[in-house]
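Since the structure comes first, as structure tokens, the remarks are kept for the end.
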4 protein chains.
Amino acid sequence: MTLSSAEFESLMDTIRNFVQKEIVPLERPFLDADFNAVAPQLDALRQKARGLGLWLPQIPQEYGGMGLSLVEHGHVSEALGRTLLGHYVFNCQAPDAGNMEILIEHGTPEQQETYLKPLLNGDIRSCFSMTEPENPGSNPTWMSTTAVKEADDYIITGHKWFSTGADGAAFAIVMAVTNPEASKYKRASQIIVPTDADGFRLVRNTSVMGESGSGWASHAEIMYDGVRVPQTAVLGKEGAGFAIAQNRLGPGRIHHCMRWIGICERAFDMMCDYAVRREVAPGRPLASQQTIQNWVAESRAEINAARLLTLDAADKIDRLGSYAARDDISLIKFYVAGVMGRVLDRAIQTHGAVGLTDELPLAYWFRHERAARIYDGADEVHKRSVARRILHSCI
Amino acid sequence: MTLSSAEFESLMDTIRNFVQKEIVPLERPFLDADFNAVAPQLDALRQKARGLGLWLPQIPQEYGGMGLSLVEHGHVSEALGRTLLGHYVFNCQAPDAGNMEILIEHGTPEQQETYLKPLLNGDIRSCFSMTEPENPGSNPTWMSTTAVKEADDYIITGHKWFSTGADGAAFAIVMAVTNPEASKYKRASQIIVPTDADGFRLVRNTSVMGESGSGWASHAEIMYDGVRVPQTAVLGKEGAGFAIAQNRLGPGRIHHCMRWIGICERAFDMMCDYAVRREVAPGRPLASQQTIQNWVAESRAEINAARLLTLDAADKIDRLGSYAARDDISLIKFYVAGVMGRVLDRAIQTHGAVGLTDELPLAYWFRHERAARIYDGADEVHKRSVARRILHSCI
Amino acid sequence: MTLSSAEFESLMDTIRNFVQKEIVPLERPFLDADFNAVAPQLDALRQKARGLGLWLPQIPQEYGGMGLSLVEHGHVSEALGRTLLGHYVFNCQAPDAGNMEILIEHGTPEQQETYLKPLLNGDIRSCFSMTEPENPGSNPTWMSTTAVKEADDYIITGHKWFSTGADGAAFAIVMAVTNPEASKYKRASQIIVPTDADGFRLVRNTSVMGESGSGWASHAEIMYDGVRVPQTAVLGKEGAGFAIAQNRLGPGRIHHCMRWIGICERAFDMMCDYAVRREVAPGRPLASQQTIQNWVAESRAEINAARLLTLDAADKIDRLGSYAARDDISLIKFYVAGVMGRVLDRAIQTHGAVGLTDELPLAYWFRHERAARIYDGADEVHKRSVARRILHSCI
Amino acid sequence: MTLSSAEFESLMDTIRNFVQKEIVPLERPFLDADFNAVAPQLDALRQKARGLGLWLPQIPQEYGGMGLSLVEHGHVSEALGRTLLGHYVFNCQAPDAGNMEILIEHGTPEQQETYLKPLLNGDIRSCFSMTEPENPGSNPTWMSTTAVKEADDYIITGHKWFSTGADGAAFAIVMAVTNPEASKYKRASQIIVPTDADGFRLVRNTSVMGESGSGWASHAEIMYDGVRVPQTAVLGKEGAGFAIAQNRLGPGRIHHCMRWIGICERAFDMMCDYAVRREVAPGRPLASQQTIQNWVAESRAEINAARLLTLDAADKIDRLGSYAARDDISLIKFYVAGVMGRVLDRAIQTHGAVGLTDELPLAYWFRHERAARIYDGADEVHKRSVARRILHSCI
């Protein structure tokens, strides 16, 4: 879809309105209960969004999506990120969004028919099963899960955790070592495993920051106890697991960073609104305090900078591809996560005690988005890799 | 009790052992369930501790306590702070510890008999009901709850929240305006209200950082709907509410700051232990990373500094009283809370994903000790008040 | 001049080459002596630059400049900022650049003939005389210098300092109160004062960070002891002093911020180059240290963000004018100054002892660019004013 | 000398008065000129101080010093650190103070007679010549300067820089490799070299932060072009160079850290004084700004913490020796240097433009004490070494 800038602005208005009027009101029931409790309402909202053409923003039109560029989808992701549930309603939530893209690019017609179609349709959910408790996420090539060939099948054995949304998912894309003798980055494959396969065992939804969660909003520990799947379940070529994952990283990073910026903007608005309404003495609003003013100004500068940096990376990916933009993709990871951490911290401090309660989404983000500095490669990993490339180019 | 330095060191060894062997193992059941679920085991442990003389460390011996100085109690508080449940087991947990001290200093013989005795004995719990949702905690003189005289009684009407441990408490000490015409700091009184009084309504345990909690580990919202108590329920003189609260502040601050240092030390140990055990590549521990080394060194310096600063303030209170030490008491509030925040953040980042889970107490502290920069006067309030005194002295 | 993007890139290549090959080599003589000592060589270089069409980049073509947009000039300013003397060579150095723009917009034909023409030609220099030692720069309306009418003249009396480049300047633009009864922002006028006027007394070049400097690279304290100038020396309308100053602020801010980014890029390159060349042990370059890597990555992210933020503000000024962009203009002030401070600090720390010496320009920037957080409104002033506007819009 | 606490307080009062009344007034002439220009006045002041018994505070009484413990000397060093010239006046300035201690502990009677005596007497100055431009200071065992035996002599060849106070010094203590085949820490020796020896060439006083300085306040680059000294010029045993240097480190660190705290206290006082005197609007002092208040409170907390940490390390050295306190000695290095950096930065920002000028010592400290994070081992080196020891103890 090639949208004129006026058309795109109009689309963004529609989306912002929908988020504010339709999705934000579902936050409190979600915070008071859990995902499964609000799932029916969310599914009704999904139908409504879809009816308005607000569905699969990042997916090509031939697959039923809106066909937005990465820059355009970035803006949408920011708008959706303002609420805890925005991406889910538009069916562009992680990890399903990423899985859709993998299936579009690497799925066979059969895989697309069986897995992609219902996923795009919002009929099923999926998960991505990569991280292992025994091995460091910072070193993705160090992996213990194996897929051993036996006749026409793979027998998958391994232990995974932090598989987001596995609870209730129809299938998992599992990263497993298929070629242990190959060079480091060619050892693993991505394999589709239906969650009702024998030997697939969801041990538990890991309790994270005090909550086990449910459904999409959960992170499962999974045992693969000799799960048998046909070799046709592999995605792309055997041994291409990392290459596929790597390729997905750019768009996924834009998705997350712009979502974080949406969180920042909502927290910023809440901070400002509270500051002008809350009085520290009769007639003297919190907003008159210079410390609050400092936080407002610093947050505004940092959020603006974070957005420009992320959109610039998105534009580079749109124009030149993920590989050319790999430094930018690393930089925004830690930079934007850092901005979000500081903005949320200031918003909570401005609110005082109420900022700690579940009256507002701030405390939810504070505890669950702490993960932003850890998942998809900890800040330290990204700093190191981008610095090494820069320094190497100086030799 | 006047302990020689060798005797005190031996006492501390006993306490540290007890904490490690007896209390720490109860953390996981607590994290997996809630306070009420582990209350029976905790009460059994209380008996054991009491049997060893480890009971009421900060309370004078004539009241059945250990009679430690504030500096000595500071060390104990650090040792207990290493675990989520340490202070409760020794019956020196907030807010009961503070309430005991108020009752000792200001309670009538009848009040002491009825409320202090069972509190010291561990038979009941209590709460302190001061903060109001509609009024800023940063301005404690701005208070809406009133206690109006009627015959020999007070009729208390108001709305409080963040009354820690109200759930299951036998009585509350309520701060209410009794003298609305008096000067700012002489308007309010502290009044004892049994929680089974008519009109005392525990609305709910406020959900804080995703958890409503239970029992001691909860923060209640309370309506006082015309609660009637006899005027003999006032603590100290009418209008002395702030003076009493102010006086309690010094020892309470030492208690919390040393508890936070205990948290820091435990988090520091966990960070170091994990760093030497976890490998980022075969044979290459996380501890070999310079970033981790920076965090270890910076944390060690900051924790040491925080401890010295807090013990110095405690010593000043011991020698000269809370008033003379009021600057120091403000300084440690924000300084030590800041150190704790940074140390917990580094410890979690070092652990990666597991640091976010409830396998370890780190995530609990991360979310619940965020409050340290807010309660008892937000950092910003303390900075302002100490700075004003310093600057005023320069005129 | 409307340049295609390819033409502009080619221009930028020319400029970058000129800076590197021609201007950078003059840094050492400048650092070893002072401005006046290298002035002859600089003037020769100016001729060379001018011969290549590299002259007055921000000035309209009809006035003999290159007629660049603010965004384009931003890029040029970054390229020139890489060296201590870049802007001077292209005759777009502060404060002359700003004075030229004021004279173009507000100067009478006579003023333009007498002052603007030789300024554009590089025959004279000028200064801007606004800051007063007795009054806070953060409150520009609080001003003691007066210009009192007498017959057809003004009699100017006052005390100024930090008049950059007054030493050797042909004239000063002096901010003085002409209408003391007018409303706050309409009291002062900008008046042209030749430096050879009676009563104009350059007291001294104030010693700043250990150096009094000379010529353009100095900051003078000036007494105006009843200086008499004709009333035709006023710029624009009487009382328009602040309006004119305000209007100049946007482009001036872009100039400085992009110059600071040029400093950042040079310091960044020096840091990386040194890190790969310097060994901490035989065969083990400094670049292998993770702390250095962290600094490289963090600096890269922050510099990129600073540039995008500044160019975005420049684009807004180009499209909508300074008033519409006033928040952005405030935000980049403190944000970019902060980035520069951190990048210079890391570059020096990476170099160790040599970073403190005058072998490199780092130490010069470290001490003299500390002023960036102070002049043109301290960071705190900008934070406050932008925050107040944002917060006001939330009421 | 064993001083009662009252006697010590009285001594400290005397010292503080002397510093304020006698030494501080010499700062401006020093800042306006250089060390050599004020040397005669300083020497007169030295006589006056000595007459009051304020001489060599850290040196044992049998050598003519005051015989203070390290904790006591720490307090003196803080008092002297408030001014740029304090330590020099009491003849306890680096590097002479350290050289005296080395000569006392390791000097032969002849060395003591020739070098120590006039040094203690203030008749000569000395320098310590260790750092080499070609080798990293972070790795002190990597050293190129050699002392080769020839008959009864050493022939010293090498290139040193940052030899503080070499200009005008009577002798240098030179670190040179005497035993290239020995194990890493036993290769070098400390050798006394008279500065009038043949082949000793002071190349220049390196320009540091814009100033070459002179006399004691300078840092020389020195060539040792085959300097011949008798083998009796070695200090202690051959190969003991590092052991001697290491041993000196503890007291030297206390000296510097307490000096930095003196700088902090002076800067803090200046910041507070200026804040209450300077008005941002008529009747509205700078001190009313919350940002300033934040800086005052944060600085107060950090300076107090820094002092307690340093005195605690000093006490540990006094009681247990430098080796037992080596972690503490590393921790205070980077912690106190960091505090000083922040306090100076805030003091300058509070002063605005005047803080950048040489009206006040702030700008001098800002530029010259930047070195604090670099010399005697960069912060990063100390962080790494202390962290490694801590982490190693966890294995």
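Each chain of the structure tokens is named A, B, ... in the order shown, its residues numbered from 1; ligands are numbered from 1 in display order.
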Residues of chain B near chain A: apply a cut-off of 8 Å, count only C-alpha atoms, and supply the list as a count of residues only.
36
Neighbour list for segment 265-276 of chain B as an mmCIF file with C-alpha atoms, in the first residue's frame, cut-off 8 Å, only C-alpha atoms, skip fewer than 5 positions in-chain:
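Below you can see around_34.cif, which holds the result:
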```
data_model
loop_
_atom_site.group_PDB
_atom_site.id
_atom_site.type_symbol
_atom_site.label_atom_id
_atom_site.label_comp_id
_atom_site.auth_asym_id
_atom_site.auth_seq_id
_atom_site.Cartn_x
_atom_site.Cartn_y
_atom_site.Cartn_z
ATOM 1 C CA ARG B 82 19.187 -9.932 53.970
ATOM 2 C CA THR B 83 15.951 -11.845 53.851
ATOM 3 C CA PRO B 285 32.546 -17.097 33.476
ATOM 4 C CA LEU B 286 30.435 -13.962 33.435
ATOM 5 C CA ALA B 287 32.834 -12.679 36.096
ATOM 6 C CA ILE B 292 30.352 -7.049 35.574
ATOM 7 C CA VAL B 296 30.950 -5.263 41.505
ATOM 8 C CA SER B 299 28.448 -1.609 44.255
ATOM 9 C CA ARG B 300 31.062 -2.484 46.879
ATOM 10 C CA ILE B 303 27.299 -0.134 49.850
ATOM 11 C CA VAL B 343 22.646 -2.443 43.336
ATOM 12 C CA LEU B 344 19.393 -4.325 42.706
ATOM 13 C CA ARG B 346 22.925 -4.431 38.552
ATOM 14 C CA ALA B 347 22.224 -7.720 40.306
ATOM 15 C CA ILE B 348 19.202 -8.347 38.084
ATOM 16 C CA THR B 350 23.875 -9.732 35.875
ATOM 17 C CA HIS B 351 21.411 -12.610 36.283
ATOM 18 C CA LEU B 362 15.738 -9.978 43.526
ATOM 19 C CA ILE D 390 36.123 -9.961 45.384
ATOM 20 C CA LEU D 391 34.963 -12.293 42.642
ATOM 21 C CA HIS D 392 37.887 -14.612 43.157
ATOM 22 C CA CYS D 394 33.481 -16.270 45.665
ATOM 23 C CA ILE D 395 34.793 -19.184 43.639
#
```
Pick from B:Pro40, B:Gly241, B:Gly283, B:Pro60: nearest to Glu101 of chain B, with only C-alpha atoms counted?
B:Pro60
Shell around Asp328 of chain C at 10 Å using only C-alpha atoms, local window under 6 positions removed, as a ChimeraX atom specification
/A:300-301,304 /C:250,309-310,312-314,316-317,322,386
Could the residues in this selection be written to a file with C-alpha atoms, as an mmCIF file, in the first residue's frame?
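So again.cif came out as:
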```cif
data_model
loop_
_atom_site.group_PDB
_atom_site.id
_atom_site.type_symbol
_atom_site.label_atom_id
_atom_site.label_comp_id
_atom_site.auth_asym_id
_atom_site.auth_seq_id
_atom_site.Cartn_x
_atom_site.Cartn_y
_atom_site.Cartn_z
ATOM 1 C CA ARG A 300 10.772 15.088 26.239
ATOM 2 C CA ALA A 301 14.279 15.399 24.810
ATOM 3 C CA ASN A 304 12.152 12.616 20.827
ATOM 4 C CA GLY C 250 17.044 29.471 16.583
ATOM 5 C CA LEU C 309 17.373 15.863 17.131
ATOM 6 C CA THR C 310 19.264 18.961 15.985
ATOM 7 C CA ASP C 312 14.944 17.872 13.086
ATOM 8 C CA ALA C 313 14.850 21.219 14.892
ATOM 9 C CA ALA C 314 16.669 22.882 11.980
ATOM 10 C CA LYS C 316 11.319 22.757 11.692
ATOM 11 C CA ILE C 317 12.869 26.238 11.715
ATOM 12 C CA SER C 322 11.902 29.791 15.098
ATOM 13 C CA VAL C 386 10.267 24.087 27.846
#
```
Show me, as a PyMOL selection string, the residues that have an atom within 12 Å of segment 3-6 of chain C when counting only C-alpha atoms, minus same-chain residues fewer than 3 positions from it.
chain C and resi 9-13+66-69+72
Separation of atom CA of Pro251 of chain B from atom CA of Phe334 of chain B in Å:
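Computing it gives 15.8 Å between the two atoms.
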Among segment 115-229 of chain C, which ones does DSSP assign to strand (DSSP E or B) (computed from the backbone)? Answer as a VMD selection string.
chain C and resid 126 to 129 146 to 150 153 to 164 171 to 177 188 to 194 200 to 205 208 211 214 217 219 to 229
Please provide as a tab-separated table (two decimals) with C-alpha atoms, in the first residue's frame all residues within 8 Å of Phe90 of chain A, with the sequence filter that same-chain residues fewer than 4 positions apart are discarded (counting only C-alpha atoms).
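And here's selection21.tsv as it stands now:
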```tsv
chain	number	residue	atom	x	y	z
A	46	ARG	CA	-10.10	-7.72	17.37
A	49	ALA	CA	-10.49	-3.50	14.57
A	50	ARG	CA	-10.38	-5.90	11.67
A	54	LEU	CA	-6.86	-2.26	11.36
A	55	TRP	CA	-5.33	-5.67	11.13
A	56	LEU	CA	-1.85	-7.01	10.53
A	57	PRO	CA	-0.30	-3.61	9.81
A	86	GLY	CA	-2.65	-2.63	21.57
```
